[in-house]
Amino acid sequence: MSDPLGVEPRPAAPGDAIPDWLPSFRAEFPLLRRLTYLQTGSLSPLAASVRAATIDMLDDAGSVRLAGQQDFAACHQRAEAARAHLAAFLNVRPEQIGWTSNTSLALRHALDQVDWQSGNVLISSDTEHVGTRAARDGLAARSGVRHAIVPACDGDDAFLSAFAATLAREPDARMALLSHVSCQDGRRLPVKEAVCLAHRAGVPVLVDAAQSIGQFPVDVTDIGCDWCVGSGHKWLLSPPGLAYLIAKDVRAFRSRFLLPASIDGTSEEPMGRRLEVGIEGWATRAGLDAGLTLLASIGLDEIERHVAILSDRLRDGLAALPGYEVVTPRGRGASSGITSFTVAGGDPGATRAVVDTLWDRERIFVKYQPERPVVRVSVAAFNTAEEIDHLLVALESLSA
Ligand SMILES: Cc1ncc(COP(=O)(O)O)c(C=O)c1O
């Protein structure tokens with residue numbers, strides 16, 4: 001990549017070799033020719049194979065009325081392949097997965113599992129997504145639910161002991177809701193350990209895995225949570241508008257829309273029947289299926305390794321620049337592809353100005369994250385060392 005600001009890119013470090021798979025993987029994403037995309041934490045760019053599968057399904061499903069019942073069933077079956085594919089990816093059964101259009105909505109369905117009464121407590125952390133905070137505030141206003149918020153930014157041990165203390169202090173806790181990876185600063189929370197603590201106290205746990213699933217291998221059964229929600233359209237590469245809710249106990253999952261159990265004689269009503277009514281987004285599911293195939297062609301372990309090398313490069317580079325401070329914890333296992341940093345000691349105006357200038361001058365797309373406030377950089381499998389250097393060079397010029 002040419003250096004628009006006239007600053008030398010960093011020399012390659014040992015271990016920085018370009019993986020064999022990267023050029024062809026990257027070529028799947030036409031958008032990357034036009035900009036430096038570091039925003040997968042919000043939305044994946046569209047891969048050619050994902051687009052093709054999505055459009056194929058739209059074409060086929062769109063011609064159903066002409067072609068008849070068999071094709072209709074075939075389209076439905078093709079869409080169902082995504083459920084089985086995602087189930088295998090996360091080590092759950094397909095029947096445990098229900099689709100929604102985004103994580104925020106999936107989260108509300110999961111929160112609906114409790115008959116919230118005034119005085120009940122919802123435990124969560126101080127690093128949750130705005131959708132969670134909105135749902136939390138809604139429950140407080142509508143049902144008088146209190147929330148107990150556990151600080152999550154002082155490391156795993158501090159978090160787990162504060163979480164345990166909260167469980168002990170709040171006998172009216174009815175649910176705990178925790179992000180697996182923080183959308184604010186990319187830290188990983190020890191959700192498996194938190195689930196053990198909560199279950200010992202009789203409190204079920206909802207894990208928001210929107211920022212973890214697709215970044216590194218996640219075994220939802222092993223985490224042991226009661227519900228898990230996540231998005232297709234971030235790290236799993238689906239087109240926008242697809243997310244999922246996974247229930248550990250499908251029979252216990254209450255739905256306002258449950259279709260009659262006798263409808264096809266099945267003894268267990270899968271999550272699909274509990275969340276999905278009428279014609280649904282077959283095309284986005286076909287896209288997700290293609291996205292999962294694309295990720296599997298590289299493997300999540302390899303993706304995690306590549307992203308960790310790039311993230312180290314970014315964090316080392318930021319540490320050497322004046323005016324920026326990385327707030328994301330370092331070390332494999334402590335975070336993943338998200339790196340957040342403050343600008344000018346956390347000044348909101350200066351932080352937003354950096355995000356806007358990176359876009360206006362350099363076509364570098366990162367996110368302004370208002371809660372801290374920080375600049376959030378999402379490094380994904382398709383990103384390169386040159387793109388990281390492009391960002392560092394631009395930031396260096398802005399801090400000069
Ligand atoms: C942790 C977390 N939860 C939930 C969401 C909401 O996801 P969606 O846009 O699919 O509703 C996000 C989106 O950034 C997120 O980072």
# chains A, B, ... in the order shown; residues from 1 in each chain; ligands from 1
call {"tool": "residues_around", "arguments": {"residues": "Ser340 (chain A)", "least_positions_apart": "3", "cutoff": "7 Å", "atoms": "only C-alpha atoms", "output": "compact mmCIF listing (two decimals) with all heavy atoms, in the first residue's frame"}}
result
# COMPACT_ATOMS: atom_id res chain seq x y z
N ASP A 185 -14.08 -2.47 24.77
CA ASP A 185 -12.62 -2.53 24.70
C ASP A 185 -12.07 -3.91 24.34
O ASP A 185 -10.87 -4.12 24.39
CB ASP A 185 -11.99 -2.06 26.03
CG ASP A 185 -12.33 -2.98 27.19
OD1 ASP A 185 -12.87 -4.07 26.95
OD2 ASP A 185 -12.04 -2.61 28.33
N VAL A 326 -3.74 2.53 24.92
CA VAL A 326 -4.54 1.32 24.69
C VAL A 326 -5.20 0.91 26.02
O VAL A 326 -4.53 0.81 27.04
CB VAL A 326 -3.64 0.17 24.17
CG1 VAL A 326 -4.44 -1.12 24.05
CG2 VAL A 326 -3.03 0.54 22.82
N VAL A 327 -6.51 0.67 25.97
CA VAL A 327 -7.21 0.24 27.19
C VAL A 327 -7.55 -1.25 27.14
O VAL A 327 -8.01 -1.82 28.13
CB VAL A 327 -8.50 1.07 27.43
CG1 VAL A 327 -8.17 2.53 27.64
CG2 VAL A 327 -9.50 0.90 26.30
N THR A 328 -7.33 -1.87 26.01
CA THR A 328 -7.60 -3.31 25.85
C THR A 328 -6.50 -4.11 26.53
O THR A 328 -5.32 -3.82 26.30
CB THR A 328 -7.65 -3.66 24.35
OG1 THR A 328 -8.63 -2.83 23.73
CG2 THR A 328 -8.00 -5.12 24.13
N VAL A 374 -13.53 5.89 23.51
CA VAL A 374 -12.32 5.35 22.88
C VAL A 374 -12.53 5.23 21.37
O VAL A 374 -13.66 5.30 20.88
CB VAL A 374 -11.99 3.94 23.42
CG1 VAL A 374 -11.43 3.98 24.83
CG2 VAL A 374 -13.20 3.01 23.35
N VAL A 375 -11.41 5.05 20.68
CA VAL A 375 -11.46 4.61 19.27
C VAL A 375 -11.40 3.09 19.31
O VAL A 375 -10.52 2.53 19.97
CB VAL A 375 -10.25 5.15 18.48
CG1 VAL A 375 -10.30 4.63 17.04
CG2 VAL A 375 -10.21 6.67 18.51
N ARG A 376 -12.34 2.44 18.63
CA ARG A 376 -12.35 0.97 18.61
C ARG A 376 -11.92 0.48 17.23
O ARG A 376 -12.50 0.86 16.22
CB ARG A 376 -13.74 0.43 18.93
CG ARG A 376 -13.74 -1.08 19.09
CD ARG A 376 -15.13 -1.62 19.33
NE ARG A 376 -15.87 -1.79 18.09
CZ ARG A 376 -17.11 -2.25 18.02
NH1 ARG A 376 -17.77 -2.57 19.12
NH2 ARG A 376 -17.71 -2.39 16.85
N VAL A 377 -10.90 -0.36 17.22
CA VAL A 377 -10.38 -0.93 15.97
C VAL A 377 -10.68 -2.43 15.98
O VAL A 377 -10.30 -3.12 16.92
CB VAL A 377 -8.84 -0.73 15.88
CG1 VAL A 377 -8.31 -1.28 14.57
CG2 VAL A 377 -8.48 0.74 16.05
call {"tool": "residues_near_ligand", "arguments": {"ligand": "ligand 1", "cutoff": "9 Å", "atoms": "only C-alpha atoms and all ligand atoms", "output": "JSON, numbers by chain"}}
result
{"A": [41, 42, 43, 101, 102, 103, 104, 105, 106, 107, 127, 128, 129, 130, 131, 132, 178, 179, 180, 181, 182, 183, 184, 208, 209, 210, 211, 212, 229, 230, 231, 232, 233, 234, 240, 241, 242, 243]}
call {"tool": "atom_distance", "arguments": {"atom1": "CA of Gly272 (chain A)", "atom2": "CA of Ala194 (chain A)"}}
result
27.9 Å
call {"tool": "atom_distance", "arguments": {"atom1": "CA of Leu318 (chain A)", "atom2": "CA of Ala394 (chain A)"}}
result
11.2 Å
call {"tool": "select_by_dssp", "arguments": {"residues": "region 99-304 of chain A", "states": "strand (DSSP E or B)", "output": "count of residues only"}}
result
37
call {"tool": "residues_around", "arguments": {"residues": "region 344-358 of chain A", "least_positions_apart": "6", "cutoff": "9 Å", "atoms": "only C-alpha atoms", "output": "list of chain:residue names"}}
result
A:Gly323, A:Tyr324, A:Glu325, A:Ile364, A:Phe365, A:Val366, A:Lys367, A:Tyr368, A:Gln369, A:Pro370, A:Arg372, A:Pro373, A:Val374, A:Val375, A:Leu391, A:Ala394, A:Leu395, A:Leu398
call {"tool": "residues_around", "arguments": {"residues": "region 278-280 of chain A", "least_positions_apart": "3", "cutoff": "10 Å", "atoms": "only C-alpha atoms", "output": "PDB file with C-alpha atoms, in the first residue's frame"}}
result
ATOM      1  CA  HIS A  76     -36.443 -24.081   3.263  1.00  0.00           C
ATOM      2  CA  ALA A  79     -31.845 -22.351   4.785  1.00  0.00           C
ATOM      3  CA  TRP A  99     -33.019 -17.067  14.511  1.00  0.00           C
ATOM      4  CA  THR A 100     -33.706 -13.374  14.997  1.00  0.00           C
ATOM      5  CA  SER A 101     -32.673 -10.353  12.980  1.00  0.00           C
ATOM      6  CA  ARG A 273     -40.764 -23.023  16.454  1.00  0.00           C
ATOM      7  CA  ALA A 283     -31.457 -15.546   2.068  1.00  0.00           C
ATOM      8  CA  THR A 284     -29.442 -14.260   5.036  1.00  0.00           C
ATOM      9  CA  ARG A 285     -29.267 -17.813   6.391  1.00  0.00           C
TER      10      ARG A 285
END
call {"tool": "atom_distance", "arguments": {"atom1": "CA of Ser378 (chain A)", "atom2": "CA of Glu362 (chain A)"}}
result
16.6 Å
call {"tool": "residues_around", "arguments": {"residues": "Leu300 (chain A)", "least_positions_apart": "5", "cutoff": "8 Å", "atoms": "only C-alpha atoms", "output": "PDB file with all heavy atoms, in the first residue's frame"}}
result
ATOM      1  N   GLY A 214     -16.905 -16.463  16.208  1.00  0.00           N
ATOM      2  CA  GLY A 214     -16.310 -16.134  14.908  1.00  0.00           C
ATOM      3  C   GLY A 214     -14.917 -15.561  15.036  1.00  0.00           C
ATOM      4  O   GLY A 214     -14.151 -15.545  14.087  1.00  0.00           O
ATOM      5  N   GLN A 215     -14.579 -15.069  16.257  1.00  0.00           N
ATOM      6  CA  GLN A 215     -13.216 -14.546  16.460  1.00  0.00           C
ATOM      7  C   GLN A 215     -12.262 -15.641  16.903  1.00  0.00           C
ATOM      8  O   GLN A 215     -11.084 -15.598  16.621  1.00  0.00           O
ATOM      9  CB  GLN A 215     -13.213 -13.468  17.554  1.00  0.00           C
ATOM     10  CG  GLN A 215     -13.796 -12.163  17.150  1.00  0.00           C
ATOM     11  CD  GLN A 215     -12.919 -11.034  17.691  1.00  0.00           C
ATOM     12  OE1 GLN A 215     -11.748 -10.940  17.349  1.00  0.00           O
ATOM     13  NE2 GLN A 215     -13.480 -10.185  18.500  1.00  0.00           N
ATOM     14  N   PHE A 216     -12.778 -16.584  17.667  1.00  0.00           N
ATOM     15  CA  PHE A 216     -11.966 -17.694  18.166  1.00  0.00           C
ATOM     16  C   PHE A 216     -12.932 -18.834  18.469  1.00  0.00           C
ATOM     17  O   PHE A 216     -14.148 -18.610  18.551  1.00  0.00           O
ATOM     18  CB  PHE A 216     -11.148 -17.277  19.405  1.00  0.00           C
ATOM     19  CG  PHE A 216     -11.936 -16.599  20.485  1.00  0.00           C
ATOM     20  CD1 PHE A 216     -12.604 -17.332  21.457  1.00  0.00           C
ATOM     21  CD2 PHE A 216     -12.028 -15.200  20.531  1.00  0.00           C
ATOM     22  CE1 PHE A 216     -13.332 -16.696  22.460  1.00  0.00           C
ATOM     23  CE2 PHE A 216     -12.758 -14.562  21.525  1.00  0.00           C
ATOM     24  CZ  PHE A 216     -13.421 -15.317  22.496  1.00  0.00           C
ATOM     25  N   PRO A 217     -12.425 -20.056  18.620  1.00  0.00           N
ATOM     26  CA  PRO A 217     -13.353 -21.169  18.839  1.00  0.00           C
ATOM     27  C   PRO A 217     -14.166 -20.971  20.129  1.00  0.00           C
ATOM     28  O   PRO A 217     -13.599 -20.648  21.170  1.00  0.00           O
ATOM     29  CB  PRO A 217     -12.413 -22.386  18.968  1.00  0.00           C
ATOM     30  CG  PRO A 217     -11.144 -21.969  18.291  1.00  0.00           C
ATOM     31  CD  PRO A 217     -11.021 -20.491  18.508  1.00  0.00           C
ATOM     32  N   LEU A 295     -15.087 -19.330   6.648  1.00  0.00           N
ATOM     33  CA  LEU A 295     -14.264 -19.338   7.872  1.00  0.00           C
ATOM     34  C   LEU A 295     -13.621 -20.711   8.082  1.00  0.00           C
ATOM     35  O   LEU A 295     -12.445 -20.813   8.436  1.00  0.00           O
ATOM     36  CB  LEU A 295     -15.117 -18.991   9.093  1.00  0.00           C
ATOM     37  CG  LEU A 295     -15.638 -17.557   9.185  1.00  0.00           C
ATOM     38  CD1 LEU A 295     -16.559 -17.409  10.394  1.00  0.00           C
ATOM     39  CD2 LEU A 295     -14.489 -16.561   9.294  1.00  0.00           C
TER      40      LEU A 295
END
call {"tool": "closest_residue", "arguments": {"among": "A:Ala385, A:Leu206, A:Ala52, A:Val121", "to": "Arg169 (chain A)", "atoms": "only C-alpha atoms"}}
result
A:Val121
call {"tool": "closest_residue", "arguments": {"among": "A:Gly317, A:Gly299, A:Gly331, A:Gly155", "to": "Trp21 (chain A)", "atoms": "only C-alpha atoms"}}
result
A:Gly299
call {"tool": "residues_around", "arguments": {"residues": "region 313-315 of chain A", "least_positions_apart": "5", "cutoff": "12 Å", "atoms": "only C-alpha atoms", "output": "PyMOL selection string"}}
result
chain A and resi 9-16+38+306-308+320-321+324-331+335-341+376-379+383-393+395
call {"tool": "write_last_selection", "arguments": {"atoms": "N, CA and C atoms", "output": "compact mmCIF listing (two decimals), in the first residue's frame"}}
result
# COMPACT_ATOMS: atom_id res chain seq x y z
N PRO A 9 6.42 2.89 6.74
CA PRO A 9 5.77 1.83 7.49
C PRO A 9 6.77 1.06 8.35
N ARG A 10 6.28 0.39 9.36
CA ARG A 10 7.16 -0.39 10.23
C ARG A 10 7.75 -1.57 9.47
N PRO A 11 8.99 -1.96 9.79
CA PRO A 11 9.53 -3.17 9.17
C PRO A 11 8.79 -4.39 9.68
N ALA A 12 8.80 -5.44 8.86
CA ALA A 12 8.13 -6.67 9.28
C ALA A 12 8.83 -7.25 10.50
N ALA A 13 8.04 -7.76 11.43
CA ALA A 13 8.60 -8.41 12.61
C ALA A 13 8.62 -9.91 12.37
N PRO A 14 9.46 -10.68 13.12
CA PRO A 14 9.43 -12.13 12.96
C PRO A 14 8.01 -12.63 13.24
N GLY A 15 7.56 -13.60 12.46
CA GLY A 15 6.20 -14.12 12.66
C GLY A 15 5.17 -13.32 11.89
N ASP A 16 5.61 -12.23 11.22
CA ASP A 16 4.68 -11.39 10.47
C ASP A 16 4.46 -11.88 9.04
N LEU A 38 -11.80 -1.65 9.30
CA LEU A 38 -11.46 -2.13 10.65
C LEU A 38 -12.69 -2.01 11.55
N HIS A 306 -3.56 -15.35 13.35
CA HIS A 306 -3.27 -14.24 12.44
C HIS A 306 -3.71 -12.91 13.06
N VAL A 307 -4.92 -12.90 13.60
CA VAL A 307 -5.44 -11.66 14.19
C VAL A 307 -4.63 -11.25 15.42
N ALA A 308 -4.14 -12.24 16.18
CA ALA A 308 -3.33 -11.91 17.36
C ALA A 308 -2.01 -11.24 16.93
N ALA A 320 3.95 3.18 21.13
CA ALA A 320 5.10 4.03 20.78
C ALA A 320 4.67 5.43 20.34
N LEU A 321 3.38 5.67 20.23
CA LEU A 321 2.90 6.98 19.76
C LEU A 321 2.43 7.83 20.93
N TYR A 324 -1.94 8.55 22.66
CA TYR A 324 -2.91 7.45 22.60
C TYR A 324 -2.59 6.45 23.70
N GLU A 325 -3.64 5.89 24.31
CA GLU A 325 -3.39 4.86 25.33
C GLU A 325 -4.34 3.68 25.12
N VAL A 326 -3.74 2.53 24.92
CA VAL A 326 -4.54 1.32 24.69
C VAL A 326 -5.20 0.91 26.02
N VAL A 327 -6.51 0.67 25.97
CA VAL A 327 -7.21 0.24 27.19
C VAL A 327 -7.55 -1.25 27.14
N THR A 328 -7.33 -1.87 26.01
CA THR A 328 -7.60 -3.31 25.85
C THR A 328 -6.50 -4.11 26.53
N PRO A 329 -6.86 -5.10 27.35
CA PRO A 329 -5.79 -5.88 27.99
C PRO A 329 -5.01 -6.70 26.97
N ARG A 330 -3.71 -6.85 27.23
CA ARG A 330 -2.84 -7.57 26.30
C ARG A 330 -2.76 -9.03 26.70
N GLY A 331 -2.24 -9.81 25.77
CA GLY A 331 -2.02 -11.22 26.08
C GLY A 331 -3.09 -12.08 25.46
N SER A 335 -7.90 -10.85 25.34
CA SER A 335 -8.71 -10.10 24.37
C SER A 335 -8.61 -10.84 23.04
N SER A 336 -9.01 -10.18 21.94
CA SER A 336 -8.87 -10.84 20.63
C SER A 336 -8.65 -9.76 19.58
N GLY A 337 -9.53 -9.64 18.58
CA GLY A 337 -9.24 -8.73 17.48
C GLY A 337 -9.65 -7.28 17.71
N ILE A 338 -10.28 -7.00 18.84
CA ILE A 338 -10.70 -5.62 19.11
C ILE A 338 -9.63 -4.93 19.96
N THR A 339 -9.22 -3.75 19.51
CA THR A 339 -8.29 -2.93 20.28
C THR A 339 -8.92 -1.55 20.42
N SER A 340 -9.02 -1.07 21.67
CA SER A 340 -9.56 0.27 21.89
C SER A 340 -8.49 1.14 22.54
N PHE A 341 -8.49 2.40 22.14
CA PHE A 341 -7.51 3.31 22.74
C PHE A 341 -8.12 4.69 22.95
N ARG A 376 -12.34 2.44 18.63
CA ARG A 376 -12.35 0.97 18.61
C ARG A 376 -11.92 0.48 17.23
N VAL A 377 -10.90 -0.36 17.22
CA VAL A 377 -10.38 -0.93 15.97
C VAL A 377 -10.68 -2.43 15.98
N SER A 378 -11.36 -2.90 14.95
CA SER A 378 -11.65 -4.34 14.86
C SER A 378 -10.78 -4.95 13.79
N VAL A 379 -9.87 -5.82 14.20
CA VAL A 379 -8.99 -6.49 13.24
C VAL A 379 -9.58 -7.87 12.95
N ASN A 383 -7.69 -8.76 7.35
CA ASN A 383 -6.81 -7.59 7.46
C ASN A 383 -5.34 -7.98 7.32
N THR A 384 -4.53 -6.97 6.98
CA THR A 384 -3.11 -7.22 6.70
C THR A 384 -2.23 -6.32 7.57
N ALA A 385 -0.95 -6.66 7.62
CA ALA A 385 0.01 -5.83 8.35
C ALA A 385 0.09 -4.44 7.70
N GLU A 386 -0.05 -4.38 6.38
CA GLU A 386 -0.01 -3.07 5.71
C GLU A 386 -1.15 -2.18 6.19
N GLU A 387 -2.30 -2.77 6.41
CA GLU A 387 -3.44 -1.97 6.86
C GLU A 387 -3.22 -1.46 8.29
N ILE A 388 -2.63 -2.32 9.11
CA ILE A 388 -2.32 -1.88 10.48
C ILE A 388 -1.33 -0.71 10.41
N ASP A 389 -0.33 -0.84 9.54
CA ASP A 389 0.67 0.23 9.42
C ASP A 389 0.03 1.50 8.85
N HIS A 390 -0.90 1.32 7.94
CA HIS A 390 -1.61 2.49 7.38
C HIS A 390 -2.27 3.27 8.53
N LEU A 391 -2.93 2.55 9.42
CA LEU A 391 -3.58 3.20 10.55
C LEU A 391 -2.55 3.86 11.47
N LEU A 392 -1.47 3.14 11.77
CA LEU A 392 -0.46 3.70 12.69
C LEU A 392 0.18 4.96 12.11
N VAL A 393 0.47 4.90 10.83
CA VAL A 393 1.09 6.05 10.17
C VAL A 393 0.14 7.25 10.22
N LEU A 395 -2.26 7.76 12.41
CA LEU A 395 -2.37 8.23 13.80
C LEU A 395 -1.14 9.00 14.20
call {"tool": "residues_around", "arguments": {"residues": "region 135-151 of chain A", "least_positions_apart": "4", "cutoff": "10 Å", "atoms": "only C-alpha atoms", "output": "PyMOL selection string"}}
result
chain A and resi 104-105+107-108+111-112+115-128+130-131+155+158-167+169-170+172-174+176-178
call {"tool": "select_by_dssp", "arguments": {"residues": "region 278-360 of chain A", "states": "alpha helix (DSSP H)", "output": "JSON, numbers by chain"}}
result
{"A": [282, 283, 284, 285, 286, 287, 288, 289, 290, 291, 292, 293, 294, 295, 296, 297, 298, 300, 301, 302, 303, 304, 305, 306, 307, 308, 309, 310, 311, 312, 313, 314, 315, 316, 317, 318, 319, 348, 349, 350, 351, 352, 353, 354, 355, 356, 357, 358, 359, 360]}
